[in-house]
Each structure stands twice: as C-alpha cells, then as structure tokens.
Amino acid sequence: MQQDSLIRIGKINYTNVWPIYHFFPHERFGSKLEWIEQVPTGLNRAMLAGEVDMGAISSFAYGESHDRYELFPELSVSAYGKVSSLLLFHKKPLRELDGCTVVLPTTSATTVNLLKIILGAFVGVTPNYVYAAPSLDTMMKHADAALLIGDDAIRASWTDAPYEVSDMGALWQHYTGEWMSFAVWAVRKETIRQYPELVAAVHEAFMQSKAAGLNNPESIVRHAQAVIGGTLDYWRGYFRNLSHDFGPAQRRGLSLYFRYANELGLLPEPAPLHMWTDNSVTR
Ligand SMILES: C=C(O[C@@H]1C=C(C(=O)O)C=C[C@H]1O)C(=O)O
C-alpha cells in the first residue's frame, strides 16, 4: 500500500519560484511529500485552512497570520528594484489616478497592497480599487489602470498594448531605497511540532536545490523559454533581477512594507518576522 504523504508543500505556479524548486531532490523523500501548485492567493488560503503545510505564500498573507507560521531563513522571492513581473499598466500618469478605477488581480496579495502603499503613501492619490481575473484586455475595458503579477504580467509585457507600464519593484526601491520580498517560505507551527526532522530535511533540500539553481541557471532559463516562450536573453535577465535570499537586507525591506501596510490600515499590526531555526535535534 502507498504511504500517505506527511507534508503538503505549496508551489506558486509562476516561473519566479523555479530557481528554488527546479533541482529539488524528490527521490530523497519517497512519497512523504505532496506538491500543490496554485496561484499565490490560492496557496495563501490553503495554508490558512491547513490544507497546505509549508511553502511559498504572499508575504502579505504571512503578515496577516504571522502567529501561525515560522519563516524559512534564506528563502524568498525578492528584488532590489525592477522585477519585470509585477506591472501596473496605466492609461494616464500615476499622479492623475486619483478617483480613477484601478483593477487588481485576484491572484495577488503582496503586490496589490504594495500598489496601495505606493499610490497612497508616495504618489498621494486614492483610486477606486476593484478586483478581477488577471486578463489585461478585460481589465482595461472599463478602467484606467490594471495590475498583473507573475507569468500573466510577463506575457502582457510582450504584447504591444498602448499603455504606460510601471514596475512595482522599481517604484518601491525608488521611494524607499529598500529591497522588497514578494513571497516568503512559511511553515505552519503545527507541522514543525509534528515533524521537526522532516521539516529540517525539507529545508536542507530546498537550500541544496537553490544552490544547484544558482550554479546552473541555464537549465532553468531554457526550461522557462520552452514552457512560456520569449528569448533566452529575456529569461537570463529576468532571473538575474530576482533574488531568492532572505537575509538582513530583504528582512529590513519587508519589515518596512509591513510598517506602511499597518499605517495605511491594511494590516492590523506591523508583523514581526518569526524565523524558523532547526531545533529538530533537541525537540
Ligand atoms: C515576483 C513575483 O512575486 C509574486 C507576488 C505575489 C503577490 O503579489 O502576492 C506572491 C508571490 C510572488 O510570486 C511575481 O509574481 O512575479
């Protein structure tokens, strides 16, 4: 009889996480792990509901429910500046968006709130926000601006749509001088209590997978081109702009984001970062 999996791991179904997952040593874990692939908001909800035990979620979703999770150190989806897959398409300049309709994608939690911070706190405008599925043509029909994330943003950036395009990572860096972490690697506290050794082994495996990805980016670049399209040079540049680290610089940027989110009433408190440490030997 096949053994039921012990830990369910979320995988965001965008290329931006591939550098961490691509070389994961699946053979090491037999049938102990199950993989659940969804858009970020799907994983945010599933983690909260206990249907997924660990994996990448929107940093904002961690901020909303930080009491339930610990964060894997050195894993995130982050950037210092331009990201190329977090894009606002707009018909007029940002400072003219006051009272205008801005459409937000139902796939995102971090970036929709980042946009609210950028427009509300830095540009100084208050648009009317509505949510829709991530399809640029439909979103723009009755709106002045639309936000897209992940591969939806990448594909839309390759069309010759007649809009201005603003990169959310570049704007955050412009206004704050800081890094931004869009996704973090969260683990449910129950899972850490239940399977401390397995959680530690999965962390170790992700670190090895990430190191292998950094050593061999070309295989990820070629895979992205085969699956999504575009040129090899596009993907080389795309992955070069992303960082999957979660060190002091990324943590400082994310903490600043949480402070702004709290000041604007988007989060009930500026969420602290609870970092996981490997106590599996002493637990
Ligand atoms: C860098 C990206 O960050 C993503 C943005 C997220 C969000 O806005 O909630 C969540 C996970 C990340 O995959 C991207 O979508 O390309």
# chains A, B, ... in the order shown; residues from 1 in each chain; ligands from 1

call {"tool": "residues_near_ligand", "arguments": {"ligand": "ligand 1", "cutoff": "10 Å", "atoms": "only C-alpha atoms and all ligand atoms", "output": "MDAnalysis selection string"}}
result
chainID A and resid 11:17 39:41 43:44 56:61 76:79 82:87 105:115 147:154 168:169 180:184 238 241:243

call {"tool": "write_last_selection", "arguments": {"atoms": "C-alpha atoms", "output": "PDB file, in the first residue's frame"}}
result
ATOM      1  CA  LYS A  11       4.433  25.746  -5.099  1.00  0.00           C
ATOM      2  CA  ILE A  12       3.458  29.050  -6.712  1.00  0.00           C
ATOM      3  CA  ASN A  13       2.654  28.316 -10.353  1.00  0.00           C
ATOM      4  CA  TYR A  14       4.845  31.131 -11.735  1.00  0.00           C
ATOM      5  CA  THR A  15       8.376  30.922 -13.126  1.00  0.00           C
ATOM      6  CA  ASN A  16       9.685  33.255 -10.399  1.00  0.00           C
ATOM      7  CA  VAL A  17       9.941  30.347  -7.915  1.00  0.00           C
ATOM      8  CA  VAL A  39      -1.568  30.958  -7.768  1.00  0.00           C
ATOM      9  CA  PRO A  40      -0.371  32.838  -4.653  1.00  0.00           C
ATOM     10  CA  THR A  41      -3.839  33.678  -3.264  1.00  0.00           C
ATOM     11  CA  LEU A  43      -1.844  28.933  -1.547  1.00  0.00           C
ATOM     12  CA  ASN A  44      -2.397  31.738   0.989  1.00  0.00           C
ATOM     13  CA  ALA A  56       5.796  29.872  -0.709  1.00  0.00           C
ATOM     14  CA  ILE A  57       2.981  32.290   0.155  1.00  0.00           C
ATOM     15  CA  SER A  58       2.483  36.011  -0.385  1.00  0.00           C
ATOM     16  CA  SER A  59       4.484  37.957   2.226  1.00  0.00           C
ATOM     17  CA  PHE A  60       1.314  39.947   2.912  1.00  0.00           C
ATOM     18  CA  ALA A  61      -0.529  36.705   3.802  1.00  0.00           C
ATOM     19  CA  SER A  76      12.026  34.175  -0.598  1.00  0.00           C
ATOM     20  CA  VAL A  77      11.120  35.790  -3.892  1.00  0.00           C
ATOM     21  CA  SER A  78      12.716  39.232  -3.601  1.00  0.00           C
ATOM     22  CA  ALA A  79      14.168  42.041  -5.684  1.00  0.00           C
ATOM     23  CA  LYS A  82      12.937  46.117 -11.183  1.00  0.00           C
ATOM     24  CA  VAL A  83      11.145  42.728 -11.217  1.00  0.00           C
ATOM     25  CA  SER A  84       9.515  42.665 -14.725  1.00  0.00           C
ATOM     26  CA  SER A  85       6.613  40.523 -13.473  1.00  0.00           C
ATOM     27  CA  LEU A  86       4.844  42.948 -11.131  1.00  0.00           C
ATOM     28  CA  LEU A  87       3.468  45.520 -13.528  1.00  0.00           C
ATOM     29  CA  PRO A 105      -5.692  40.732  -9.943  1.00  0.00           C
ATOM     30  CA  THR A 106      -7.381  38.114  -7.753  1.00  0.00           C
ATOM     31  CA  THR A 107      -4.085  36.168  -7.810  1.00  0.00           C
ATOM     32  CA  SER A 108      -2.055  38.611  -5.676  1.00  0.00           C
ATOM     33  CA  ALA A 109      -1.931  39.695  -2.026  1.00  0.00           C
ATOM     34  CA  THR A 110       1.514  41.300  -1.605  1.00  0.00           C
ATOM     35  CA  THR A 111       1.593  43.391  -4.744  1.00  0.00           C
ATOM     36  CA  VAL A 112      -1.978  44.719  -4.589  1.00  0.00           C
ATOM     37  CA  ASN A 113      -1.137  46.112  -1.156  1.00  0.00           C
ATOM     38  CA  LEU A 114       2.245  47.351  -2.374  1.00  0.00           C
ATOM     39  CA  LEU A 115       0.416  49.276  -5.094  1.00  0.00           C
ATOM     40  CA  LEU A 147      -2.099  45.361 -12.138  1.00  0.00           C
ATOM     41  CA  LEU A 148      -0.710  41.979 -13.193  1.00  0.00           C
ATOM     42  CA  ILE A 149       1.755  39.658 -11.453  1.00  0.00           C
ATOM     43  CA  GLY A 150       3.784  36.570 -12.329  1.00  0.00           C
ATOM     44  CA  ASP A 151       3.662  34.995 -15.768  1.00  0.00           C
ATOM     45  CA  ASP A 152       0.459  36.924 -16.592  1.00  0.00           C
ATOM     46  CA  ALA A 153       2.481  40.152 -16.257  1.00  0.00           C
ATOM     47  CA  ILE A 154       5.360  38.742 -18.318  1.00  0.00           C
ATOM     48  CA  MET A 168       6.274  47.762  -8.659  1.00  0.00           C
ATOM     49  CA  GLY A 169       9.716  46.588  -7.524  1.00  0.00           C
ATOM     50  CA  MET A 180      11.139  44.066  -1.341  1.00  0.00           C
ATOM     51  CA  SER A 181      10.180  40.439  -0.666  1.00  0.00           C
ATOM     52  CA  PHE A 182       7.030  39.407  -2.502  1.00  0.00           C
ATOM     53  CA  ALA A 183       6.859  35.799  -1.339  1.00  0.00           C
ATOM     54  CA  VAL A 184       8.246  34.102   1.776  1.00  0.00           C
ATOM     55  CA  TYR A 238      14.602  38.072 -15.566  1.00  0.00           C
ATOM     56  CA  ASN A 241      16.930  40.607 -11.312  1.00  0.00           C
ATOM     57  CA  LEU A 242      15.309  38.230  -8.811  1.00  0.00           C
ATOM     58  CA  SER A 243      16.863  37.132  -5.550  1.00  0.00           C
TER      59      SER A 243
END

call {"tool": "select_by_dssp", "arguments": {"residues": "segment 69-265 of chain A", "states": "strand (DSSP E)", "output": "PyMOL selection string"}}
result
chain A and resi 69-79+86-90+101-105+128-132+145-149+164-167+180-188+242-243

call {"tool": "write_last_selection", "arguments": {"atoms": "C-alpha atoms", "output": "PDB file, in the first residue's frame"}}
result
ATOM      1  CA  TYR A  69       3.781  30.438  10.869  1.00  0.00           C
ATOM      2  CA  GLU A  70       7.553  30.431  11.009  1.00  0.00           C
ATOM      3  CA  LEU A  71       9.696  31.552   8.079  1.00  0.00           C
ATOM      4  CA  PHE A  72      12.493  29.593   6.442  1.00  0.00           C
ATOM      5  CA  PRO A  73      15.650  31.722   6.516  1.00  0.00           C
ATOM      6  CA  GLU A  74      17.352  32.317   3.148  1.00  0.00           C
ATOM      7  CA  LEU A  75      14.293  31.560   1.016  1.00  0.00           C
ATOM      8  CA  SER A  76      12.026  34.175  -0.598  1.00  0.00           C
ATOM      9  CA  VAL A  77      11.120  35.790  -3.892  1.00  0.00           C
ATOM     10  CA  SER A  78      12.716  39.232  -3.601  1.00  0.00           C
ATOM     11  CA  ALA A  79      14.168  42.041  -5.684  1.00  0.00           C
ATOM     12  CA  LEU A  86       4.844  42.948 -11.131  1.00  0.00           C
ATOM     13  CA  LEU A  87       3.468  45.520 -13.528  1.00  0.00           C
ATOM     14  CA  LEU A  88       0.874  48.256 -13.450  1.00  0.00           C
ATOM     15  CA  PHE A  89      -0.471  49.070 -16.921  1.00  0.00           C
ATOM     16  CA  HIS A  90      -1.968  52.566 -16.969  1.00  0.00           C
ATOM     17  CA  THR A 101     -10.694  52.841 -11.448  1.00  0.00           C
ATOM     18  CA  VAL A 102      -7.696  50.559 -10.893  1.00  0.00           C
ATOM     19  CA  VAL A 103      -8.214  46.814 -11.392  1.00  0.00           C
ATOM     20  CA  LEU A 104      -6.320  44.415  -9.129  1.00  0.00           C
ATOM     21  CA  PRO A 105      -5.692  40.732  -9.943  1.00  0.00           C
ATOM     22  CA  ASN A 128     -11.176  53.227  -6.682  1.00  0.00           C
ATOM     23  CA  TYR A 129      -9.925  49.613  -6.490  1.00  0.00           C
ATOM     24  CA  VAL A 130     -11.825  46.660  -7.952  1.00  0.00           C
ATOM     25  CA  TYR A 131     -10.756  43.004  -8.355  1.00  0.00           C
ATOM     26  CA  ALA A 132     -10.831  40.872 -11.500  1.00  0.00           C
ATOM     27  CA  ALA A 145      -5.094  51.001 -14.817  1.00  0.00           C
ATOM     28  CA  ALA A 146      -4.645  47.287 -14.178  1.00  0.00           C
ATOM     29  CA  LEU A 147      -2.099  45.361 -12.138  1.00  0.00           C
ATOM     30  CA  LEU A 148      -0.710  41.979 -13.193  1.00  0.00           C
ATOM     31  CA  ILE A 149       1.755  39.658 -11.453  1.00  0.00           C
ATOM     32  CA  GLU A 164       2.383  53.129 -19.739  1.00  0.00           C
ATOM     33  CA  VAL A 165       3.943  50.367 -17.647  1.00  0.00           C
ATOM     34  CA  SER A 166       5.227  50.784 -14.083  1.00  0.00           C
ATOM     35  CA  ASP A 167       7.289  48.126 -12.324  1.00  0.00           C
ATOM     36  CA  MET A 180      11.139  44.066  -1.341  1.00  0.00           C
ATOM     37  CA  SER A 181      10.180  40.439  -0.666  1.00  0.00           C
ATOM     38  CA  PHE A 182       7.030  39.407  -2.502  1.00  0.00           C
ATOM     39  CA  ALA A 183       6.859  35.799  -1.339  1.00  0.00           C
ATOM     40  CA  VAL A 184       8.246  34.102   1.776  1.00  0.00           C
ATOM     41  CA  TRP A 185       8.647  30.411   2.719  1.00  0.00           C
ATOM     42  CA  ALA A 186       6.283  29.768   5.599  1.00  0.00           C
ATOM     43  CA  VAL A 187       5.801  26.615   7.679  1.00  0.00           C
ATOM     44  CA  ARG A 188       2.755  26.022   9.873  1.00  0.00           C
ATOM     45  CA  LEU A 242      15.309  38.230  -8.811  1.00  0.00           C
ATOM     46  CA  SER A 243      16.863  37.132  -5.550  1.00  0.00           C
TER      47      SER A 243
END

call {"tool": "closest_residue", "arguments": {"among": "A:Arg240, A:His22, A:Arg28, A:His66", "to": "Val202 of chain A", "atoms": "only C-alpha atoms"}}
result
A:Arg28

call {"tool": "atom_distance", "arguments": {"atom1": "atom CA of Tyr21 of chain A", "atom2": "atom CA of Ser209 of chain A"}}
result
6.4 Å

call {"tool": "closest_residue", "arguments": {"among": "A:Ser255, A:Ser157, A:Thr138, A:Thr176", "to": "Ile118 of chain A", "atoms": "only C-alpha atoms"}}
result
A:Thr176

call {"tool": "closest_residue", "arguments": {"among": "A:Phe122, A:Trp35, A:Arg193, A:Arg155", "to": "Tyr234 of chain A", "atoms": "only C-alpha atoms"}}
result
A:Arg155

call {"tool": "atom_distance", "arguments": {"atom1": "atom CA of Pro272 of chain A", "atom2": "atom CA of Ala205 of chain A"}}
result
26.1 Å

call {"tool": "closest_residue", "arguments": {"among": "A:Ile20, A:Leu33, A:Ile7, A:Met275", "to": "Asn215 of chain A", "atoms": "only C-alpha atoms"}}
result
A:Ile20

call {"tool": "closest_residue", "arguments": {"among": "A:Asp53, A:Glu96, A:Asp137, A:Glu34", "to": "Tyr195 of chain A", "atoms": "only C-alpha atoms"}}
result
A:Asp53

call {"tool": "atom_distance", "arguments": {"atom1": "atom CA of Gly230 of chain A", "atom2": "atom CA of Pro217 of chain A"}}
result
16.2 Å

call {"tool": "residues_around", "arguments": {"residues": "Leu6 of chain A", "least_positions_apart": "2", "cutoff": "12 Å", "atoms": "only C-alpha atoms", "output": "list in words"}}
result
Gln3, Asp4, Arg8, Ile9, Phe29, Gly30, Ser31, Lys32, Leu33, Glu34, Trp35, Glu51, Val52, Asp53, Met54, Thr191, Ile192, Gln194, Tyr195, Pro196, Glu197, Leu198, Val199 and Val202 of chain A

call {"tool": "write_last_selection", "arguments": {"atoms": "C-alpha atoms", "output": "JSON list (two decimals), in the first residue's frame"}}
result
[["chain", "number", "residue", "atom", "x", "y", "z"],
["A", 3, "GLN", "CA", 2.15, 5.61, 2.20],
["A", 4, "ASP", "CA", 0.09, 8.78, 2.63],
["A", 8, "ARG", "CA", 1.98, 19.06, 1.71],
["A", 9, "ILE", "CA", 4.19, 21.69, 0.07],
["A", 29, "PHE", "CA", 11.70, 11.79, 0.23],
["A", 30, "GLY", "CA", 9.83, 8.91, -1.41],
["A", 31, "SER", "CA", 6.10, 9.55, -1.00],
["A", 32, "LYS", "CA", 6.46, 11.63, 2.18],
["A", 33, "LEU", "CA", 5.84, 14.91, 0.34],
["A", 34, "GLU", "CA", 2.90, 16.07, -1.74],
["A", 35, "TRP", "CA", 3.13, 19.11, -4.04],
["A", 51, "GLU", "CA", -4.70, 22.19, 3.52],
["A", 52, "VAL", "CA", -1.05, 23.01, 2.80],
["A", 53, "ASP", "CA", 1.67, 22.71, 5.46],
["A", 54, "MET", "CA", 4.53, 24.79, 4.10],
["A", 191, "THR", "CA", 3.82, 20.95, 11.15],
["A", 192, "ILE", "CA", 7.04, 21.99, 12.90],
["A", 194, "GLN", "CA", 4.62, 17.23, 14.38],
["A", 195, "TYR", "CA", 7.52, 16.55, 12.00],
["A", 196, "PRO", "CA", 10.59, 18.51, 13.20],
["A", 197, "GLU", "CA", 13.11, 16.22, 11.46],
["A", 198, "LEU", "CA", 11.24, 16.13, 8.18],
["A", 199, "VAL", "CA", 10.80, 19.93, 8.19],
["A", 202, "VAL", "CA", 12.96, 19.71, 3.54]]
